[in-house]
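J.: Before anything else, here's the structure in question.
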Amino acid sequence: MDIVLVHGAGGRPTTWSAVQPLLAAHGHRLVTVTNPMTSLADDIAETTAALAGTNGPVLLAGHSYGGAVITNVGRDPRVAGLVYVAAFGPDEGETVNGIVERYEPAEISKYMRRGPNGEWKSEPSAEFWAEIGPDLSDEQRAVVEAEGRKAENLIFTQATGVPAWRSLPSWYLVADDDRTLRPEIQNFMAERMKATVEHVPGSHYTTLVWPERVAELIHRAALAVGGTV
């Protein structure tokens, strides 16, 4: 089956580097995108354009902010299902900021800095890694540090349209020790979208720390919506 993998804020396709070979071994055809992160609308357009190279039906998988992207791209008729990996699943009219602001700030907030144009970027330090990514190996941490792209504020403040999870089957993998996107927010969004839910221990870097669990969930979702690889 064709699977489109969407990274989060500040990310690159390397977010999925440990997951991709596992899915490929199942026979799935994989597409990754490098979204501009200039606005939610721009990222939706970039990911939608990536569907042109697929045969359909398509399964979308998003990590973190990438969930907001697939929530909107999923309205495309070629999309058959959605997988959220510690990801945002906004409802119509909601923004990423609006969701997190209803809760106590996550621990990562103390390490976030704004650039001169309002863009956001984290400032990793020894304290950051000890608190936000304690389960990352040195090699996995290097992957995260190499991503490090800036994210414009518009990706967090533009509102979502009609969410695709209202009409498509959805799956959600909750990271129970996440200090970037609070687990209680993940659980709320997963329950609201009536997703098939699974849990893993560990931090927000789920695709690197638990690639087998991520790949297995995506594989099962693909079989559920497509029948064959």
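Ordering of the structure tokens sets the chain letters (A, B, ...), residue numbers begin anew at 1 in every chain, and ligands are numbered from 1 in the order given.
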From a DSSP pass on the backbone, collect the residues of segment 19-217 of chain A flagged as helix (DSSP H, G or I) and hand them back as a ChimeraX atom specification.

T.: /A:20-25,40-53,66-73,96-100,107-111,126-132,138-147,154-157,164-166,183-192,206-209,211-217

J.: Pick out the residues sitting within 12 Å of Ser17 of chain A, and hand them over as a PDB file with N, CA, C and O atoms, in the first residue's frame; count only C-alpha atoms, and ignore anything fewer than 6 positions along from it in its own chain.

T.:
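Resulting contents of around36.pdb:
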```
ATOM      1  N   LEU A   5       4.431   9.556   4.856  1.00  0.00           N
ATOM      2  CA  LEU A   5       4.922   9.807   6.202  1.00  0.00           C
ATOM      3  C   LEU A   5       5.223  11.294   6.354  1.00  0.00           C
ATOM      4  O   LEU A   5       5.997  11.869   5.572  1.00  0.00           O
ATOM      5  N   VAL A   6       4.629  11.918   7.371  1.00  0.00           N
ATOM      6  CA  VAL A   6       4.710  13.374   7.541  1.00  0.00           C
ATOM      7  C   VAL A   6       5.388  13.704   8.869  1.00  0.00           C
ATOM      8  O   VAL A   6       4.944  13.274   9.932  1.00  0.00           O
ATOM      9  N   HIS A   7       6.460  14.484   8.792  1.00  0.00           N
ATOM     10  CA  HIS A   7       7.224  14.859   9.984  1.00  0.00           C
ATOM     11  C   HIS A   7       6.538  15.978  10.764  1.00  0.00           C
ATOM     12  O   HIS A   7       5.584  16.601  10.290  1.00  0.00           O
ATOM     13  N   GLY A  11      11.077  19.212  11.903  1.00  0.00           N
ATOM     14  CA  GLY A  11      11.575  17.911  11.484  1.00  0.00           C
ATOM     15  C   GLY A  11      11.934  17.810  10.018  1.00  0.00           C
ATOM     16  O   GLY A  11      11.805  18.754   9.235  1.00  0.00           O
ATOM     17  N   LEU A  23       8.637  -0.886   7.351  1.00  0.00           N
ATOM     18  CA  LEU A  23       7.448  -0.854   6.507  1.00  0.00           C
ATOM     19  C   LEU A  23       7.760  -1.366   5.102  1.00  0.00           C
ATOM     20  O   LEU A  23       6.949  -2.069   4.493  1.00  0.00           O
ATOM     21  N   ALA A  24       8.931  -1.017   4.598  1.00  0.00           N
ATOM     22  CA  ALA A  24       9.326  -1.499   3.275  1.00  0.00           C
ATOM     23  C   ALA A  24       9.422  -3.021   3.260  1.00  0.00           C
ATOM     24  O   ALA A  24       9.084  -3.666   2.255  1.00  0.00           O
ATOM     25  N   LEU A  30       6.546   3.740   0.097  1.00  0.00           N
ATOM     26  CA  LEU A  30       6.634   4.845   1.046  1.00  0.00           C
ATOM     27  C   LEU A  30       6.968   6.158   0.348  1.00  0.00           C
ATOM     28  O   LEU A  30       7.798   6.205  -0.553  1.00  0.00           O
ATOM     29  N   VAL A  31       6.307   7.211   0.814  1.00  0.00           N
ATOM     30  CA  VAL A  31       6.583   8.565   0.351  1.00  0.00           C
ATOM     31  C   VAL A  31       6.813   9.427   1.584  1.00  0.00           C
ATOM     32  O   VAL A  31       6.022   9.382   2.532  1.00  0.00           O
ATOM     33  N   THR A  32       7.906  10.189   1.592  1.00  0.00           N
ATOM     34  CA  THR A  32       8.123  11.165   2.667  1.00  0.00           C
ATOM     35  C   THR A  32       8.088  12.561   2.070  1.00  0.00           C
ATOM     36  O   THR A  32       8.400  12.757   0.890  1.00  0.00           O
ATOM     37  N   GLN A 140      20.507   8.377  18.134  1.00  0.00           N
ATOM     38  CA  GLN A 140      19.166   8.919  17.907  1.00  0.00           C
ATOM     39  C   GLN A 140      19.128  10.424  18.177  1.00  0.00           C
ATOM     40  O   GLN A 140      18.475  11.176  17.452  1.00  0.00           O
ATOM     41  N   VAL A 143      20.285  12.331  15.231  1.00  0.00           N
ATOM     42  CA  VAL A 143      19.270  12.456  14.192  1.00  0.00           C
ATOM     43  C   VAL A 143      18.379  13.668  14.473  1.00  0.00           C
ATOM     44  O   VAL A 143      18.101  14.480  13.588  1.00  0.00           O
ATOM     45  N   VAL A 144      17.945  13.789  15.716  1.00  0.00           N
ATOM     46  CA  VAL A 144      17.076  14.907  16.096  1.00  0.00           C
ATOM     47  C   VAL A 144      17.813  16.236  15.937  1.00  0.00           C
ATOM     48  O   VAL A 144      17.271  17.213  15.400  1.00  0.00           O
ATOM     49  N   GLU A 147      18.055  17.578  12.457  1.00  0.00           N
ATOM     50  CA  GLU A 147      16.825  18.118  11.857  1.00  0.00           C
ATOM     51  C   GLU A 147      16.789  19.622  12.115  1.00  0.00           C
ATOM     52  O   GLU A 147      17.044  20.408  11.222  1.00  0.00           O
ATOM     53  N   THR A 206       8.991   9.123  19.465  1.00  0.00           N
ATOM     54  CA  THR A 206       8.453   7.770  19.372  1.00  0.00           C
ATOM     55  C   THR A 206       8.945   7.015  18.147  1.00  0.00           C
ATOM     56  O   THR A 206       9.227   5.818  18.220  1.00  0.00           O
ATOM     57  N   THR A 207       9.064   7.694  17.018  1.00  0.00           N
ATOM     58  CA  THR A 207       9.454   7.002  15.789  1.00  0.00           C
ATOM     59  C   THR A 207      10.886   6.490  15.848  1.00  0.00           C
ATOM     60  O   THR A 207      11.237   5.541  15.142  1.00  0.00           O
ATOM     61  N   LEU A 208      11.715   7.115  16.666  1.00  0.00           N
ATOM     62  CA  LEU A 208      13.102   6.677  16.821  1.00  0.00           C
ATOM     63  C   LEU A 208      13.254   5.657  17.944  1.00  0.00           C
ATOM     64  O   LEU A 208      14.028   4.709  17.832  1.00  0.00           O
ATOM     65  N   VAL A 209      12.518   5.860  19.033  1.00  0.00           N
ATOM     66  CA  VAL A 209      12.672   5.005  20.208  1.00  0.00           C
ATOM     67  C   VAL A 209      11.900   3.696  20.061  1.00  0.00           C
ATOM     68  O   VAL A 209      12.340   2.641  20.519  1.00  0.00           O
ATOM     69  N   TRP A 210      10.728   3.755  19.418  1.00  0.00           N
ATOM     70  CA  TRP A 210       9.862   2.581  19.267  1.00  0.00           C
ATOM     71  C   TRP A 210       9.520   2.328  17.800  1.00  0.00           C
ATOM     72  O   TRP A 210       8.344   2.222  17.435  1.00  0.00           O
ATOM     73  N   PRO A 211      10.512   2.217  16.919  1.00  0.00           N
ATOM     74  CA  PRO A 211      10.190   2.064  15.493  1.00  0.00           C
ATOM     75  C   PRO A 211       9.400   0.798  15.188  1.00  0.00           C
ATOM     76  O   PRO A 211       8.543   0.803  14.286  1.00  0.00           O
ATOM     77  N   GLU A 212       9.658  -0.276  15.915  1.00  0.00           N
ATOM     78  CA  GLU A 212       8.928  -1.527  15.651  1.00  0.00           C
ATOM     79  C   GLU A 212       7.449  -1.364  15.959  1.00  0.00           C
ATOM     80  O   GLU A 212       6.588  -1.817  15.193  1.00  0.00           O
ATOM     81  N   VAL A 214       5.751   1.471  16.080  1.00  0.00           N
ATOM     82  CA  VAL A 214       5.187   2.426  15.121  1.00  0.00           C
ATOM     83  C   VAL A 214       4.918   1.727  13.793  1.00  0.00           C
ATOM     84  O   VAL A 214       3.826   1.848  13.218  1.00  0.00           O
ATOM     85  N   ALA A 215       5.906   0.994  13.305  1.00  0.00           N
ATOM     86  CA  ALA A 215       5.754   0.321  12.011  1.00  0.00           C
ATOM     87  C   ALA A 215       4.644  -0.718  12.050  1.00  0.00           C
ATOM     88  O   ALA A 215       3.872  -0.851  11.090  1.00  0.00           O
TER      89      ALA A 215
END
```

J.: Could you find all residues in segment 1-228 of chain A that DSSP calls strand (DSSP E) from the backbone, and write them as a VMD selection string?

T.: chain A and resid 2 to 6 29 to 32 58 to 63 79 to 85 112 to 114 120 to 122 170 to 175 196 to 200

J.: Write the residues of the preceding selection, restricted to N, CA and C atoms, as a compact mmCIF listing (two decimals), in the first residue's frame.

T.:
```
# COMPACT_ATOMS: atom_id res chain seq x y z
N ASP A 2 0.39 2.33 -0.54
CA ASP A 2 1.11 3.60 -0.51
C ASP A 2 0.90 4.28 0.84
N ILE A 3 2.00 4.63 1.48
CA ILE A 3 1.95 5.28 2.79
C ILE A 3 2.76 6.57 2.71
N VAL A 4 2.16 7.67 3.11
CA VAL A 4 2.83 8.97 3.13
C VAL A 4 3.15 9.30 4.59
N LEU A 5 4.43 9.56 4.86
CA LEU A 5 4.92 9.81 6.20
C LEU A 5 5.22 11.29 6.35
N VAL A 6 4.63 11.92 7.37
CA VAL A 6 4.71 13.37 7.54
C VAL A 6 5.39 13.70 8.87
N ARG A 29 4.80 0.81 -0.20
CA ARG A 29 5.47 1.85 -0.97
C ARG A 29 5.40 3.14 -0.16
N LEU A 30 6.55 3.74 0.10
CA LEU A 30 6.63 4.84 1.05
C LEU A 30 6.97 6.16 0.35
N VAL A 31 6.31 7.21 0.81
CA VAL A 31 6.58 8.57 0.35
C VAL A 31 6.81 9.43 1.58
N THR A 32 7.91 10.19 1.59
CA THR A 32 8.12 11.16 2.67
C THR A 32 8.09 12.56 2.07
N VAL A 58 -4.39 5.54 -0.20
CA VAL A 58 -3.23 6.03 0.53
C VAL A 58 -3.52 6.06 2.02
N LEU A 59 -2.52 5.68 2.80
CA LEU A 59 -2.57 5.83 4.25
C LEU A 59 -1.63 6.96 4.62
N LEU A 60 -2.09 7.89 5.45
CA LEU A 60 -1.26 8.98 5.93
C LEU A 60 -0.84 8.71 7.37
N ALA A 61 0.43 8.97 7.69
CA ALA A 61 0.92 8.86 9.05
C ALA A 61 1.64 10.15 9.42
N GLY A 62 1.28 10.73 10.56
CA GLY A 62 1.88 11.98 10.98
C GLY A 62 2.42 11.90 12.39
N HIS A 63 3.59 12.49 12.60
CA HIS A 63 4.17 12.59 13.93
C HIS A 63 4.07 14.03 14.41
N VAL A 79 -7.19 9.33 0.03
CA VAL A 79 -6.76 8.91 1.36
C VAL A 79 -7.80 7.99 1.99
N ALA A 80 -7.32 6.87 2.54
CA ALA A 80 -8.22 5.87 3.11
C ALA A 80 -8.15 5.76 4.63
N GLY A 81 -7.09 6.29 5.24
CA GLY A 81 -6.96 6.17 6.69
C GLY A 81 -5.85 7.05 7.22
N LEU A 82 -5.83 7.22 8.54
CA LEU A 82 -4.91 8.13 9.21
C LEU A 82 -4.27 7.44 10.41
N VAL A 83 -2.96 7.66 10.57
CA VAL A 83 -2.26 7.16 11.76
C VAL A 83 -1.55 8.34 12.43
N TYR A 84 -1.85 8.52 13.70
CA TYR A 84 -1.27 9.60 14.49
C TYR A 84 -0.26 9.01 15.47
N VAL A 85 0.98 9.51 15.43
CA VAL A 85 2.03 9.05 16.33
C VAL A 85 2.42 10.21 17.24
N MET A 112 11.92 26.55 24.58
CA MET A 112 11.54 27.11 23.29
C MET A 112 11.85 28.60 23.23
N ARG A 113 12.38 29.02 22.09
CA ARG A 113 12.72 30.43 21.88
C ARG A 113 12.13 30.91 20.56
N ARG A 114 11.74 32.17 20.54
CA ARG A 114 11.19 32.77 19.32
C ARG A 114 12.26 33.55 18.58
N TRP A 120 9.56 29.67 15.75
CA TRP A 120 9.90 28.94 16.97
C TRP A 120 11.02 27.94 16.71
N LYS A 121 11.90 27.80 17.69
CA LYS A 121 12.95 26.79 17.64
C LYS A 121 13.35 26.45 19.07
N SER A 122 13.60 25.16 19.30
CA SER A 122 14.03 24.75 20.63
C SER A 122 15.53 24.99 20.79
N SER A 170 -9.12 5.86 11.95
CA SER A 170 -7.91 6.47 12.48
C SER A 170 -7.30 5.60 13.56
N TRP A 171 -5.99 5.70 13.67
CA TRP A 171 -5.22 4.99 14.69
C TRP A 171 -4.36 6.01 15.42
N TYR A 172 -4.11 5.76 16.72
CA TYR A 172 -3.34 6.73 17.51
C TYR A 172 -2.39 5.98 18.43
N LEU A 173 -1.11 6.33 18.38
CA LEU A 173 -0.10 5.78 19.29
C LEU A 173 0.27 6.86 20.29
N VAL A 174 -0.09 6.65 21.55
CA VAL A 174 0.15 7.61 22.62
C VAL A 174 1.51 7.32 23.26
N ALA A 175 2.33 8.36 23.41
CA ALA A 175 3.59 8.26 24.14
C ALA A 175 3.33 8.66 25.59
N THR A 196 -8.43 3.91 17.03
CA THR A 196 -7.89 2.70 17.64
C THR A 196 -6.60 3.12 18.33
N VAL A 197 -6.53 2.92 19.65
CA VAL A 197 -5.45 3.50 20.45
C VAL A 197 -4.51 2.44 20.98
N GLU A 198 -3.23 2.74 20.90
CA GLU A 198 -2.20 1.95 21.57
C GLU A 198 -1.28 2.89 22.34
N HIS A 199 -0.58 2.35 23.32
CA HIS A 199 0.31 3.15 24.16
C HIS A 199 1.71 2.56 24.15
N VAL A 200 2.71 3.45 24.21
CA VAL A 200 4.09 3.04 24.44
C VAL A 200 4.65 3.93 25.54
```

J.: Quick one: which segment 103-163 of chain A residues come within 12 Å of segment 183-195 of chain A, and what is the nearest atom pair for each with the distance in Å to one decimal, counting only C-alpha atoms, rows ordered by chain and ascending number, as a tab-separated table?

T.:
```
residue	atom	partner	partner_atom	distance
A:Tyr103	CA	A:Ile185	CA	7.8
A:Glu104	CA	A:Ile185	CA	10.2
A:Pro105	CA	A:Ile185	CA	11.1
A:Ala106	CA	A:Pro183	CA	9.8
A:Glu107	CA	A:Pro183	CA	12.0
A:Pro163	CA	A:Met193	CA	9.3
```

J.: Need the shell around Ala45 of chain A: protein/DNA/RNA residues with any atom at most 12 Å away, counting only C-alpha atoms. Skip same-chain ones fewer than 5 positions apart. Format as a short mmCIF file (atom, residue, chain, number, x, y, z; two decimals) with all heavy atoms, in the first residue's frame?

T.:
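Contents of result-v9.cif, as written:
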```
data_model
loop_
_atom_site.label_atom_id
_atom_site.label_comp_id
_atom_site.auth_asym_id
_atom_site.auth_seq_id
_atom_site.Cartn_x
_atom_site.Cartn_y
_atom_site.Cartn_z
N VAL A 33 7.71 13.52 2.89
CA VAL A 33 7.68 14.91 2.44
C VAL A 33 8.60 15.74 3.33
O VAL A 33 8.86 15.38 4.47
CB VAL A 33 6.24 15.49 2.49
CG1 VAL A 33 5.34 14.79 1.51
CG2 VAL A 33 5.67 15.40 3.90
N THR A 34 9.10 16.83 2.76
CA THR A 34 9.82 17.82 3.55
C THR A 34 9.00 19.10 3.49
O THR A 34 9.09 19.87 2.53
CB THR A 34 11.23 18.07 2.98
OG1 THR A 34 11.94 16.83 2.94
CG2 THR A 34 12.01 19.04 3.87
N ASN A 35 8.15 19.28 4.46
CA ASN A 35 7.25 20.42 4.43
C ASN A 35 8.00 21.72 4.73
O ASN A 35 8.95 21.73 5.51
CB ASN A 35 6.12 20.23 5.44
CG ASN A 35 5.03 19.33 4.89
OD1 ASN A 35 4.73 19.35 3.70
ND2 ASN A 35 4.41 18.52 5.75
N PRO A 36 7.56 22.84 4.13
CA PRO A 36 8.27 24.10 4.32
C PRO A 36 8.12 24.69 5.72
O PRO A 36 8.93 25.49 6.15
CB PRO A 36 7.65 25.02 3.27
CG PRO A 36 6.29 24.44 3.02
CD PRO A 36 6.47 22.96 3.15
N MET A 37 7.05 24.31 6.41
CA MET A 37 6.77 24.83 7.75
C MET A 37 6.67 26.35 7.79
O MET A 37 7.02 26.99 8.78
CB MET A 37 7.79 24.31 8.77
CG MET A 37 7.73 22.82 8.96
SD MET A 37 8.83 22.18 10.24
CE MET A 37 10.42 22.60 9.55
N THR A 38 6.18 26.92 6.71
CA THR A 38 5.93 28.35 6.65
C THR A 38 4.51 28.68 7.11
O THR A 38 4.25 29.79 7.58
CB THR A 38 6.15 28.87 5.22
OG1 THR A 38 5.51 27.98 4.29
CG2 THR A 38 7.64 28.91 4.90
N SER A 39 3.61 27.73 6.94
CA SER A 39 2.24 27.87 7.45
C SER A 39 1.59 26.50 7.38
O SER A 39 2.06 25.62 6.63
CB SER A 39 1.43 28.88 6.64
OG SER A 39 1.16 28.38 5.34
N LEU A 40 0.51 26.32 8.12
CA LEU A 40 -0.22 25.06 8.02
C LEU A 40 -0.74 24.87 6.60
O LEU A 40 -0.66 23.77 6.04
CB LEU A 40 -1.37 25.03 9.03
CG LEU A 40 -2.28 23.80 8.98
CD1 LEU A 40 -1.49 22.52 9.22
CD2 LEU A 40 -3.43 23.94 10.00
N ALA A 50 2.27 15.58 -2.74
CA ALA A 50 2.99 14.30 -2.68
C ALA A 50 2.09 13.12 -3.03
O ALA A 50 2.59 12.05 -3.40
CB ALA A 50 3.60 14.10 -1.30
N LEU A 51 0.79 13.29 -2.92
CA LEU A 51 -0.14 12.22 -3.26
C LEU A 51 -0.13 11.91 -4.75
O LEU A 51 -0.55 10.83 -5.18
CB LEU A 51 -1.56 12.58 -2.84
CG LEU A 51 -1.82 12.81 -1.34
CD1 LEU A 51 -3.29 13.15 -1.12
CD2 LEU A 51 -1.41 11.61 -0.53
N ALA A 52 0.37 12.85 -5.55
CA ALA A 52 0.37 12.67 -7.00
C ALA A 52 1.22 11.47 -7.42
O ALA A 52 0.97 10.86 -8.46
CB ALA A 52 0.88 13.92 -7.70
N VAL A 69 -1.33 18.31 9.89
CA VAL A 69 -1.25 18.30 8.43
C VAL A 69 -2.12 17.18 7.86
O VAL A 69 -2.96 17.42 6.98
CB VAL A 69 0.21 18.15 7.96
CG1 VAL A 69 0.27 18.10 6.44
CG2 VAL A 69 1.06 19.31 8.48
N ILE A 70 -1.95 15.96 8.35
CA ILE A 70 -2.72 14.85 7.78
C ILE A 70 -4.20 14.97 8.08
O ILE A 70 -5.03 14.46 7.33
CB ILE A 70 -2.17 13.47 8.22
CG1 ILE A 70 -2.43 13.21 9.72
CG2 ILE A 70 -0.70 13.34 7.89
CD1 ILE A 70 -2.12 11.77 10.15
N ASN A 72 -5.93 17.49 7.69
CA ASN A 72 -6.49 18.26 6.58
C ASN A 72 -6.26 17.60 5.23
O ASN A 72 -7.16 17.56 4.40
CB ASN A 72 -5.87 19.66 6.60
CG ASN A 72 -6.36 20.50 7.76
OD1 ASN A 72 -7.39 21.14 7.69
ND2 ASN A 72 -5.61 20.49 8.86
N VAL A 73 -5.07 17.06 5.00
CA VAL A 73 -4.78 16.39 3.73
C VAL A 73 -5.70 15.18 3.54
O VAL A 73 -6.06 14.82 2.41
CB VAL A 73 -3.30 15.95 3.67
CG1 VAL A 73 -3.01 15.16 2.40
CG2 VAL A 73 -2.40 17.17 3.76
N GLY A 74 -6.12 14.59 4.65
CA GLY A 74 -6.96 13.40 4.58
C GLY A 74 -8.32 13.61 3.93
O GLY A 74 -9.01 12.63 3.62
N ASP A 76 -8.63 14.57 1.00
CA ASP A 76 -8.43 14.17 -0.39
C ASP A 76 -9.03 12.78 -0.59
O ASP A 76 -8.81 11.87 0.23
CB ASP A 76 -6.94 14.14 -0.71
CG ASP A 76 -6.67 13.93 -2.18
OD1 ASP A 76 -6.83 12.77 -2.65
OD2 ASP A 76 -6.29 14.89 -2.87
#
```

J.: So how far away is atom CA of Pro13 of chain A from atom CA of Gly56 of chain A, in Å?

T.: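 About the pair atom CA of Gly56 of chain A and atom CA of Pro13 of chain A: they are 20.9 Å apart.
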
J.: So, counting only C-alpha atoms, which residue among A:Ala159, A:Met1, A:Thr47, A:Leu22 is closest to Gly98 of chain A?

T.: A:Ala159

J.: Report, in Å with one decimal, the straight-line distance from atom CA of Tyr111 of chain A to atom CA of Glu127 of chain A.

T.: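 Between atom CA of Tyr111 of chain A and atom CA of Glu127 of chain A the gap works out to 9.3 Å.
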
J.: By how many Å are atom CA of Ala222 of chain A and atom CA of Asp176 of chain A apart?

T.: 23.9 Å

J.: Identify which of the residues A:Leu136, A:Leu181, A:Ile108, A:Ala25 lies closest to Phe88 of chain A, counting only C-alpha atoms when measuring atom-to-atom distances.

T.: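 Under the stated criterion, the closest residue is A:Leu181.
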
J.: For Val100 of chain A, which residue out of A:Phe156, A:Ile44, A:Pro57, A:Arg220 is the nearest one, using only C-alpha atoms?

T.: A:Phe156
